[in-house]
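The structure file work31.txt is reproduced below (compact mmCIF, C-alpha atoms).
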# COMPACT_ATOMS: atom_id res chain seq x y z
CA MET F 1 -26.88 -25.26 236.72
CA GLU F 2 -27.44 -25.29 233.00
CA PHE F 3 -27.13 -22.08 231.13
CA GLN F 4 -30.30 -20.95 229.39
CA SER F 5 -31.21 -17.74 227.70
CA CYS F 6 -34.33 -16.72 225.90
CA VAL F 7 -35.39 -14.22 223.25
CA LYS F 8 -39.05 -13.36 222.63
CA ILE F 9 -39.93 -13.27 218.94
CA ILE F 10 -42.48 -10.58 218.18
CA ASN F 11 -41.04 -8.58 215.31
CA GLU F 12 -38.41 -9.13 212.65
CA TRP F 13 -35.61 -7.52 214.70
CA ASP F 14 -36.04 -10.19 217.35
CA ILE F 15 -34.77 -12.68 214.78
CA VAL F 16 -31.47 -10.77 214.79
CA ALA F 17 -31.37 -10.85 218.59
CA ALA F 18 -31.94 -14.63 218.57
CA ARG F 19 -29.16 -15.07 216.01
CA GLN F 20 -26.80 -12.93 218.08
CA LEU F 21 -27.53 -14.92 221.21
CA GLY F 22 -27.00 -18.21 219.39
CA ARG F 23 -23.74 -17.07 217.82
CA ASN F 24 -22.35 -15.84 221.14
CA VAL F 25 -23.12 -19.12 222.86
CA ALA F 26 -21.75 -21.15 219.92
CA LYS F 27 -18.53 -19.14 220.04
CA GLU F 28 -18.20 -19.60 223.81
CA LEU F 29 -18.64 -23.33 223.41
CA GLY F 30 -15.84 -23.38 220.85
CA PHE F 31 -17.73 -24.09 217.63
CA GLY F 32 -15.78 -23.17 214.47
CA THR F 33 -16.96 -20.47 212.09
CA VAL F 34 -18.73 -22.90 209.75
CA ASP F 35 -20.70 -24.50 212.59
CA GLN F 36 -21.42 -21.10 214.08
CA ALA F 37 -22.95 -20.07 210.78
CA ARG F 38 -24.95 -23.31 210.63
CA ILE F 39 -26.33 -22.89 214.13
CA THR F 40 -27.16 -19.24 213.48
CA THR F 41 -28.89 -20.05 210.21
CA ALA F 42 -30.97 -22.74 211.91
CA ILE F 43 -31.96 -20.30 214.66
CA SER F 44 -32.81 -17.74 212.02
CA GLU F 45 -35.07 -20.18 210.17
CA LEU F 46 -36.89 -21.24 213.33
CA ALA F 47 -37.31 -17.66 214.54
CA ARG F 48 -38.52 -16.60 211.09
CA ASN F 49 -41.15 -19.33 211.13
CA ILE F 50 -42.42 -18.03 214.46
CA TYR F 51 -42.45 -14.45 213.19
CA LEU F 52 -44.19 -15.38 209.91
CA TYR F 53 -46.68 -18.05 210.96
CA ALA F 54 -47.18 -18.00 214.72
CA GLY F 55 -47.14 -14.27 215.35
CA GLN F 56 -45.25 -14.70 218.59
CA GLY F 57 -43.19 -17.15 220.54
CA SER F 58 -39.68 -17.53 221.86
CA VAL F 59 -36.30 -18.99 221.03
CA SER F 60 -34.17 -20.28 223.90
CA ILE F 61 -30.55 -21.36 223.74
CA GLU F 62 -29.13 -23.89 226.14
CA LYS F 63 -25.57 -25.08 226.72
CA LEU F 64 -25.39 -28.82 227.14
CA ASN F 65 -22.80 -31.01 228.74
CA ILE F 66 -23.70 -34.67 228.71
CA ASN F 67 -21.11 -37.39 229.38
CA GLY F 68 -18.32 -34.95 228.64
CA LYS F 69 -19.92 -33.95 225.30
CA SER F 70 -20.66 -30.27 224.82
CA GLY F 71 -23.51 -29.08 222.74
CA LEU F 72 -25.90 -26.29 221.95
CA LYS F 73 -29.65 -26.73 222.14
CA ILE F 74 -32.20 -24.50 220.44
CA ILE F 75 -35.78 -24.49 221.73
CA ALA F 76 -38.28 -22.69 219.52
CA ASP F 77 -41.65 -22.45 221.17
CA ASP F 78 -44.79 -20.75 219.92
CA GLN F 79 -48.51 -20.54 220.61
CA GLY F 80 -49.43 -20.21 216.96
CA PRO F 81 -51.86 -22.22 214.86
CA GLY F 82 -49.69 -25.35 214.99
CA ILE F 83 -48.85 -27.66 212.10
CA GLU F 84 -51.50 -30.03 210.78
CA ASP F 85 -49.23 -32.27 208.77
CA ILE F 86 -45.71 -32.42 210.19
CA ARG F 87 -44.56 -34.99 207.65
CA ARG F 88 -45.41 -32.61 204.89
CA VAL F 89 -43.58 -29.58 206.26
CA MET F 90 -40.53 -31.77 206.79
CA GLU F 91 -40.53 -32.79 203.13
CA ASP F 92 -37.90 -31.34 200.84
CA GLY F 93 -39.16 -28.81 198.38
CA TYR F 94 -42.20 -27.91 200.46
CA THR F 95 -42.53 -24.36 201.76
CA THR F 96 -45.78 -22.71 202.69
CA SER F 97 -44.44 -19.29 201.80
CA GLY F 98 -43.57 -20.56 198.33
CA GLY F 99 -40.27 -18.73 198.68
CA LEU F 100 -36.76 -20.05 198.68
CA GLY F 101 -36.56 -20.32 202.45
CA ALA F 102 -34.63 -23.28 203.79
CA GLY F 103 -37.67 -24.14 205.87
CA LEU F 104 -37.71 -26.80 208.53
CA PRO F 105 -35.92 -29.53 206.52
CA GLY F 106 -33.07 -27.06 205.92
CA ALA F 107 -32.84 -26.23 209.62
CA LYS F 108 -32.89 -29.93 210.44
CA ARG F 109 -29.96 -30.64 208.14
CA LEU F 110 -27.87 -27.94 209.74
CA MET F 111 -28.26 -29.47 213.20
CA ASP F 112 -27.46 -32.95 214.60
CA ASP F 113 -30.75 -33.69 216.38
CA PHE F 114 -34.11 -32.25 215.52
CA ASP F 115 -37.44 -32.82 217.23
CA ILE F 116 -40.77 -31.28 216.46
CA GLU F 117 -44.02 -31.39 218.40
CA SER F 118 -47.12 -29.57 217.30
CA ILE F 119 -50.73 -29.46 218.38
CA PRO F 120 -53.06 -27.78 215.88
CA GLY F 121 -54.67 -24.78 217.52
CA GLU F 122 -52.20 -24.74 220.39
CA GLY F 123 -48.72 -24.28 219.07
CA THR F 124 -45.43 -25.81 218.02
CA LYS F 125 -42.26 -26.70 219.88
CA ILE F 126 -39.05 -27.51 218.07
CA ILE F 127 -35.90 -28.70 219.83
CA ALA F 128 -32.68 -28.89 217.84
CA THR F 129 -29.19 -29.74 219.04
CA LYS F 130 -25.70 -29.43 217.64
CA TRP F 131 -22.82 -31.30 219.28
CA LEU F 132 -19.27 -30.07 219.47
CA ARG F 133 -16.88 -32.44 217.73
CA MET U 1 -11.36 -36.79 208.58
CA ASP U 2 -8.56 -38.08 206.35
CA ILE U 3 -10.40 -37.01 203.27
CA ARG U 4 -11.08 -33.55 204.64
CA GLU U 5 -7.43 -32.99 205.59
CA ASN U 6 -6.35 -34.25 202.23
CA MET U 7 -8.77 -31.88 200.52
CA GLU U 8 -7.50 -28.96 202.56
CA LYS U 9 -3.97 -29.79 201.56
CA LYS U 10 -4.91 -29.95 197.88
CA TYR U 11 -6.79 -26.67 198.14
CA HIS U 12 -3.81 -25.05 199.83
CA GLU U 13 -1.39 -26.25 197.14
CA ALA U 14 -3.56 -25.22 194.23
CA LEU U 15 -4.38 -21.82 195.71
CA SER U 16 -0.75 -20.95 196.54
CA THR U 17 0.37 -22.06 193.07
CA TYR U 18 -2.24 -19.86 191.49
CA LEU U 19 -1.46 -16.83 193.66
CA LYS U 20 2.22 -17.16 192.79
CA ASP U 21 1.63 -17.37 189.07
CA GLN U 22 -1.82 -16.83 187.61
CA ASN U 23 -1.84 -19.54 185.01
CA GLU U 24 -4.44 -21.80 183.46
CA GLN U 25 -2.77 -24.90 184.84
CA ALA U 26 -3.54 -23.89 188.42
CA LEU U 27 -7.09 -22.93 187.50
CA TYR U 28 -7.56 -26.37 186.00
CA GLN U 29 -6.49 -27.80 189.36
CA GLY U 30 -9.22 -25.65 190.87
CA GLN U 31 -11.80 -27.24 188.61
CA LYS U 32 -10.61 -30.70 189.61
CA ILE U 33 -10.86 -29.74 193.28
CA SER U 34 -14.39 -28.54 192.71
CA ARG U 35 -15.34 -31.96 191.40
CA LEU U 36 -13.69 -33.68 194.36
CA HIS U 37 -15.52 -31.43 196.80
CA ILE U 38 -18.82 -32.41 195.27
CA LYS U 39 -17.85 -36.05 195.39
CA TYR U 40 -17.07 -35.86 199.12
CA ASN U 41 -20.13 -33.73 199.97
CA ILE U 42 -18.19 -30.65 200.99
CA SER U 43 -20.63 -27.76 201.18
CA PRO U 44 -20.00 -24.22 199.86
CA GLU U 45 -19.72 -22.72 203.35
CA GLU U 46 -16.91 -25.13 204.18
CA ILE U 47 -15.02 -24.15 201.05
CA ILE U 48 -15.20 -20.48 202.00
CA SER U 49 -13.93 -21.26 205.47
CA MET U 50 -11.11 -23.28 203.91
CA HIS U 51 -10.28 -20.38 201.63
CA LYS U 52 -10.17 -17.91 204.48
CA ASN U 53 -7.91 -20.13 206.60
CA ASN U 54 -5.54 -20.58 203.67
CA LEU U 55 -5.32 -16.86 203.07
CA MET U 56 -4.54 -16.24 206.73
CA GLU U 57 -1.76 -18.78 206.55
CA LEU U 58 -0.32 -17.51 203.26
CA TYR U 59 -0.62 -13.80 204.01
CA PRO U 60 -0.56 -13.19 207.77
CA GLU U 61 -0.37 -9.43 207.16
CA LEU U 62 -3.64 -9.32 205.19
CA PRO U 63 -6.00 -6.53 206.39
CA GLY U 64 -8.56 -7.80 208.89
CA LYS U 65 -11.41 -6.30 206.83
CA VAL U 66 -10.56 -8.54 203.91
CA LEU U 67 -10.71 -11.59 206.16
CA ASP U 68 -13.94 -10.39 207.74
CA SER U 69 -15.51 -10.16 204.32
CA PHE U 70 -15.20 -13.94 204.05
CA ASP U 71 -17.36 -14.35 207.15
CA PHE U 72 -19.99 -12.32 205.37
CA LEU U 73 -19.59 -14.39 202.21
CA LEU U 74 -19.88 -17.56 204.28
CA GLU U 75 -23.20 -16.38 205.66
CA VAL U 76 -24.45 -15.57 202.17
CA MET U 77 -23.43 -19.03 200.96
CA MET U 78 -25.34 -20.79 203.75
CA GLY U 79 -28.52 -20.77 201.67
CA TYR U 80 -26.67 -22.36 198.77
CA GLY U 81 -25.31 -24.97 201.14
CA ILE U 82 -28.83 -25.84 202.25
CA ALA U 83 -30.10 -25.91 198.68
CA TYR U 84 -27.20 -28.19 197.77
CA ARG U 85 -28.02 -30.64 200.55
CA GLU U 86 -31.68 -30.57 199.59
CA HIS U 87 -30.75 -31.30 196.01
CA GLN U 88 -28.69 -34.29 197.09
CA SER U 89 -31.51 -35.67 199.19
CA LEU U 90 -34.02 -35.19 196.38
CA ARG U 91 -31.65 -36.94 194.01
CA HIS U 92 -31.44 -39.83 196.39
CA GLN U 93 -35.23 -39.99 196.61
CA GLN U 94 -35.49 -39.91 192.84
CA GLN U 95 -33.10 -42.82 192.59
CA GLU U 96 -35.23 -44.77 195.05
CA LEU U 97 -38.39 -44.02 193.08
CA LYS U 98 -36.70 -45.13 189.91
CA THR U 99 -35.76 -48.43 191.47
CA GLU U 100 -39.30 -48.91 192.74
CA ILE U 101 -40.75 -48.22 189.31
CA GLU U 102 -38.38 -50.76 187.81
CA ILE U 103 -39.62 -53.36 190.28
CA ALA U 104 -43.23 -52.37 189.59
CA ALA U 105 -42.60 -52.74 185.86
CA ASN U 106 -41.28 -56.26 186.43
CA VAL U 107 -44.25 -57.14 188.61
CA GLN U 108 -46.58 -55.78 185.97
CA HIS U 109 -44.85 -57.78 183.31
CA THR U 110 -45.43 -60.95 185.29
CA LEU U 111 -49.03 -60.02 186.08
CA LEU U 112 -49.96 -59.29 182.49
CA GLU U 113 -48.18 -62.25 180.99
CA THR U 114 -50.30 -64.20 178.56
CA GLU U 115 -49.62 -67.40 176.77
CA ILE U 116 -50.04 -67.44 173.02
CA PRO U 117 -52.38 -70.33 172.20
CA ASP U 118 -50.97 -73.06 170.04
CA ILE U 119 -53.54 -74.58 167.72
CA LYS U 120 -52.99 -76.09 164.32
CA ALA U 121 -55.53 -73.93 162.48
CA LEU U 122 -53.87 -70.62 163.37
CA GLU U 123 -50.56 -68.90 163.48
CA ILE U 124 -50.40 -66.17 166.10
CA GLY U 125 -47.77 -63.57 166.90
CA ALA U 126 -47.78 -60.65 169.31
CA ILE U 127 -45.49 -57.90 170.47
CA SER U 128 -45.82 -55.00 172.89
CA VAL U 129 -43.12 -52.41 173.50
CA PRO U 130 -43.84 -49.98 176.36
CA ALA U 131 -43.53 -46.27 175.59
CA ARG U 132 -42.20 -45.72 179.09
CA GLN U 133 -41.08 -48.06 181.79
CA MET U 134 -44.56 -49.23 182.60
CA ASN U 135 -46.86 -50.48 179.89
CA GLY U 136 -50.29 -48.94 179.38
CA ASP U 137 -51.18 -51.38 176.62
CA TYR U 138 -52.38 -54.86 177.12
CA TYR U 139 -53.17 -57.96 175.14
CA HIS U 140 -54.46 -61.24 176.31
CA PHE U 141 -55.34 -64.62 174.86
CA VAL U 142 -57.84 -67.09 176.24
CA GLN U 143 -58.56 -70.54 174.95
CA ASP U 144 -61.73 -72.29 176.07
CA GLU U 145 -62.61 -75.97 176.18
CA ASN U 146 -64.25 -75.75 172.73
CA GLU U 147 -60.92 -74.64 171.28
CA ARG U 148 -62.27 -71.18 170.71
CA ILE U 149 -59.65 -68.50 171.03
CA GLY U 150 -60.40 -65.15 172.57
CA VAL U 151 -58.13 -62.20 172.04
CA GLY U 152 -58.39 -58.94 173.94
CA ILE U 153 -56.38 -55.83 173.24
CA ALA U 154 -56.75 -52.70 175.33
CA ASP U 155 -55.19 -49.31 175.76
CA VAL U 156 -55.66 -46.87 178.62
CA ILE U 157 -56.02 -43.28 177.54
CA GLY U 158 -53.08 -41.73 179.29
CA LYS U 159 -49.71 -43.29 179.85
CA GLY U 160 -47.48 -43.97 182.78
CA ILE U 161 -48.07 -45.55 186.14
CA PRO U 162 -51.81 -44.83 186.61
CA ALA U 163 -52.51 -46.34 183.20
CA ALA U 164 -50.42 -49.37 184.02
CA LEU U 165 -52.23 -49.95 187.31
CA CYS U 166 -55.51 -49.73 185.44
CA MET U 167 -54.42 -52.45 183.02
CA SER U 168 -53.79 -54.90 185.82
CA MET U 169 -57.40 -54.41 186.85
CA ILE U 170 -58.68 -55.21 183.36
CA LYS U 171 -56.67 -58.39 183.34
CA TYR U 172 -58.17 -59.60 186.60
CA ALA U 173 -61.67 -58.56 185.57
CA MET U 174 -61.21 -60.69 182.46
CA ASP U 175 -59.91 -63.65 184.40
CA SER U 176 -62.97 -63.60 186.62
CA LEU U 177 -65.46 -63.60 183.76
CA PRO U 178 -67.62 -66.73 183.75
CA GLU U 179 -66.60 -69.34 181.19
CA HIS U 180 -69.76 -69.08 179.11
CA ARG U 181 -69.48 -65.33 178.74
CA HIS U 182 -66.76 -65.13 176.16
CA GLU U 183 -68.97 -63.60 173.49
CA PRO U 184 -67.13 -60.37 172.55
CA ASN U 185 -70.06 -58.02 173.16
CA SER U 186 -70.81 -59.47 176.58
CA VAL U 187 -67.10 -59.40 177.53
CA LEU U 188 -66.96 -55.69 176.73
CA GLU U 189 -70.23 -55.05 178.53
CA SER U 190 -68.96 -56.76 181.70
CA LEU U 191 -65.62 -54.97 181.58
CA ASN U 192 -67.35 -51.66 180.93
CA ARG U 193 -69.28 -52.06 184.16
CA VAL U 194 -66.09 -52.90 186.07
CA VAL U 195 -64.25 -49.92 184.64
CA GLU U 196 -67.16 -47.53 185.14
CA HIS U 197 -67.45 -48.65 188.73
CA ASN U 198 -63.79 -48.79 189.74
CA VAL U 199 -61.78 -46.36 187.73
CA ASP U 200 -61.28 -42.64 188.12
CA PRO U 201 -63.82 -40.81 185.89
CA SER U 202 -60.98 -39.10 184.04
CA MET U 203 -59.58 -42.39 182.84
CA PHE U 204 -60.93 -44.23 179.82
CA ILE U 205 -60.00 -47.47 178.21
CA THR U 206 -60.33 -48.53 174.61
CA MET U 207 -60.62 -52.21 173.96
CA PHE U 208 -61.12 -54.67 171.18
CA TYR U 209 -62.24 -58.20 171.86
CA GLY U 210 -62.39 -60.97 169.30
CA LEU U 211 -63.31 -64.62 169.45
CA TYR U 212 -62.30 -67.14 166.82
CA ASP U 213 -64.09 -70.42 166.50
CA PRO U 214 -61.97 -72.87 164.48
CA HIS U 215 -64.95 -75.18 163.88
CA ASP U 216 -66.93 -72.78 161.73
CA ARG U 217 -63.94 -70.46 161.07
CA LEU U 218 -65.91 -67.50 162.27
CA PHE U 219 -64.25 -64.50 163.86
CA SER U 220 -66.71 -62.49 165.97
CA TYR U 221 -65.61 -59.22 167.48
CA ALA U 222 -66.65 -56.03 169.20
CA SER U 223 -64.87 -52.80 169.92
CA ALA U 224 -65.02 -50.17 172.62
CA GLY U 225 -63.60 -47.22 170.73
CA HIS U 226 -60.40 -49.06 169.94
CA GLU U 227 -58.05 -48.31 167.05
CA PRO U 228 -59.46 -50.29 164.11
CA GLY U 229 -57.53 -53.39 163.10
CA PHE U 230 -56.91 -54.65 159.57
CA TYR U 231 -58.17 -57.65 157.71
CA TYR U 232 -56.16 -59.23 154.92
CA ASP U 233 -58.15 -61.11 152.36
CA ALA U 234 -55.85 -63.70 150.80
CA ALA U 235 -58.18 -64.38 147.85
CA THR U 236 -58.06 -60.79 146.59
CA GLY U 237 -54.74 -59.83 148.19
CA THR U 238 -56.30 -56.71 149.74
CA PHE U 239 -56.46 -55.15 153.15
CA SER U 240 -59.52 -53.61 154.69
CA ASP U 241 -60.26 -51.91 158.01
CA LEU U 242 -61.76 -54.12 160.67
CA ASP U 243 -64.31 -51.48 161.52
CA ALA U 244 -66.43 -51.80 164.63
CA LYS U 245 -68.27 -49.10 166.49
CA GLY U 246 -68.62 -48.78 170.25
CA LEU U 247 -68.22 -46.36 173.13
CA LEU U 248 -65.04 -46.37 175.26
CA LEU U 249 -65.07 -48.43 178.44
CA GLY U 250 -65.94 -46.49 181.56
CA VAL U 251 -68.15 -43.79 180.05
CA ASP U 252 -71.63 -45.15 180.67
CA LYS U 253 -72.40 -48.33 182.55
CA LYS U 254 -75.42 -49.09 180.36
CA THR U 255 -73.45 -49.17 177.11
CA ARG U 256 -74.34 -52.07 174.80
CA TYR U 257 -71.83 -53.30 172.27
CA ARG U 258 -72.59 -54.52 168.80
CA GLN U 259 -71.02 -57.76 167.75
CA TYR U 260 -69.63 -58.22 164.23
CA GLU U 261 -68.77 -61.43 162.43
CA LYS U 262 -66.38 -62.34 159.70
CA LYS U 263 -65.77 -65.61 157.96
CA VAL U 264 -62.05 -66.34 157.92
CA ASN U 265 -60.69 -68.15 154.89
CA ARG U 266 -57.41 -69.97 154.50
CA GLY U 267 -54.48 -67.55 154.27
CA ASP U 268 -56.42 -64.57 155.64
CA MET U 269 -54.90 -62.43 158.32
CA ILE U 270 -56.23 -60.33 161.17
CA ILE U 271 -54.07 -57.51 162.51
CA LEU U 272 -54.96 -55.81 165.77
CA LEU U 273 -53.06 -52.91 167.23
CA SER U 274 -53.24 -50.12 169.75
CA ASP U 275 -52.99 -46.42 168.98
CA GLY U 276 -49.45 -46.71 170.30
CA VAL U 277 -48.60 -47.90 166.79
CA THR U 278 -50.31 -45.05 164.94
CA GLU U 279 -49.12 -42.48 167.45
CA CYS U 280 -45.59 -43.71 167.02
CA ARG U 281 -43.42 -40.99 165.56
CA THR U 282 -40.92 -41.66 162.84
CA ASN U 283 -38.56 -39.21 161.21
CA ASP U 284 -41.31 -38.31 158.72
CA GLY U 285 -43.92 -37.61 161.41
CA PHE U 286 -46.69 -39.84 162.66
CA ILE U 287 -47.27 -43.18 161.05
CA GLU U 288 -50.57 -42.98 159.23
CA GLY U 289 -52.96 -45.83 158.73
CA LYS U 290 -52.33 -45.85 154.99
CA ARG U 291 -48.57 -45.95 155.36
CA LEU U 292 -48.96 -48.73 157.87
CA LEU U 293 -50.90 -50.70 155.28
CA VAL U 294 -48.11 -50.27 152.76
CA SER U 295 -45.62 -51.65 155.27
CA LEU U 296 -48.00 -54.45 156.15
CA LYS U 297 -48.40 -55.46 152.52
CA ARG U 298 -44.67 -55.66 152.23
CA ILE U 299 -44.31 -57.98 155.20
CA CYS U 300 -47.47 -60.04 154.82
CA ILE U 301 -45.63 -62.51 152.70
CA CYS U 302 -43.68 -63.45 155.81
CA LYS U 303 -45.06 -65.85 158.35
CA PRO U 304 -46.32 -64.47 161.63
CA ARG U 305 -44.15 -65.07 164.61
CA LYS U 306 -43.26 -63.77 167.98
CA TRP U 307 -41.09 -60.81 167.14
Re-express the file's structure as structure tokens.
Amino acid sequence: MEFQSCVKIINEWDIVAARQLGRNVAKELGFGTVDQARITTAISELARNIYLYAGQGSVSIEKLNINGKSGLKIIADDQGPGIEDIRRVMEDGYTTSGGLGAGLPGAKRLMDDFDIESIPGEGTKIIATKWLR
Amino acid sequence: MDIRENMEKKYHEALSTYLKDQNEQALYQGQKISRLHIKYNISPEEIISMHKNNLMELYPELPGKVLDSFDFLLEVMMGYGIAYREHQSLRHQQQELKTEIEIAANVQHTLLETEIPDIKALEIGAISVPARQMNGDYYHFVQDENERIGVGIADVIGKGIPAALCMSMIKYAMDSLPEHRHEPNSVLESLNRVVEHNVDPSMFITMFYGLYDPHDRLFSYASAGHEPGFYYDAATGTFSDLDAKGLLLGVDKKTRYRQYEKKVNRGDMIILLSDGVTECRTNDGFIEGKRLLVSLKRICICKPRKW
């Protein structure tokens, strides 16, 4: 059975819990410190987006083992307002908060695979994976 | 991975040299390493990790707290790492845009190409130097079956790519004018309607259109707010403004243009220009009309040519 663990994101402290969970799993899988920090930062960005724009949602972490390749999968799921223009939020230099947040393109760069699905009015689901080299 | 291992080795050497003896030589090595890291896309968080590993190797008895502090630093540098990657990707995009603009400029050049008519009665020369990559100025010659020569010169208010796109439209609007409608005022009236109808309301075009008939040596012209040209009278050796009044293209679709006429005598000269010439800055400030005339007088003894 695949390992999966989930953190509900309701307030800012839940971001820390999601980071902790991600880091623990990354460590267990044998990711080095740099990759651990990358995974954790990506989780942080995704969880922050949920906290800031969706109000609530969850971040799940999954261990993967496909064809002998180990990996870590992040699933960020929310029932927020959704994203009207995905292309735009994935553009560099675009942040809705106007701050210096890495935003979604930053999170994407830190991971190996990155998938985003969003239905305006219903919510957003982001799946990102990092493979162990 | 070769490169990475090699970089780690270099970092290790330079760091241990520096820790042994704090001299400028070793610091200079550090600067060189920094450049190499950038070249091979090594992000700040990786450098910190490299630094920590090196310290652990060089000083196994180092207090754990000191080493832990590097994990904290690594986390702090993550944001810089992301910003660095974003910067690289934006740079790449900018490079792509630049290439595309270069291609567009070449396409535009081909689109706007005009042949300078070759008739015995006249000597004609023309030059246009774009202020930026894409040209917002435009000149065009037409020769009809009666050997009449039409010359159009236009300038979009505003420079850059939108202006350049606009010019291509003018060229095609001119090409599609019916043969018998080459009277300057009717040319401007037709183009005015095209511009008013098709172009963003914030964009205006100034244009001068002239038609020379070699049979009666009459130059008729009309202007839509364009920079006035000059007329050189060979008999008196004097220059005068080629004044013509008219509203810019694209302001009001009902605009009518007045047509002016001038008898051209042997040795006379007509000089048309865009405000790109008068807006051109020299070391002494903007070129003024009067100064331009002085320069023109100096060169009018030369024959016209393609510069």
Inset, instruction - Can you pull out every residue within 7 Å of range 50-66 of chain F, counting all atoms listed in the file, but drop anything in the same chain fewer than 3 positions away, and send it as a PyMOL selection string? - result: chain F and resi 2-12+18+22+46-47+69-81
Inset, instruction - Excluding Ala128 in chain F and any residue of its chain fewer than 2 positions from it, enumerate the residues within 8 Å of it, using all atoms listed in the file, and give them as a ChimeraX atom specification. - result: /F:73-75,108,111-115,126,130
Inset, instruction - Could you check which of F:Ala17, F:Ile83, F:Leu29, F:Ile39 is closest to Glu122 in chain F, using only C-alpha atoms? - result: F:Ile83
Inset, instruction - Please return, as number ranges by chain, all residues of chain U lying within 8 Å of chain F when all atoms listed in the file are considered. - result: U: 45-46, 49, 71, 74-75, 78-79, 82-83, 85-86, 89-90
Inset, instruction - Take CA of Asp268 in chain U and CA of Asp233 in chain U and report the distance between them in Å, one decimal. - result: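 Interatomic distance here is 5.1 Å.
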Inset, instruction - Rounded to one decimal place, report the CA of Pro214 in chain U-CA of Asp275 in chain U distance in Å. - result: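 Between CA of Pro214 in chain U and CA of Asp275 in chain U the gap works out to 28.3 Å.
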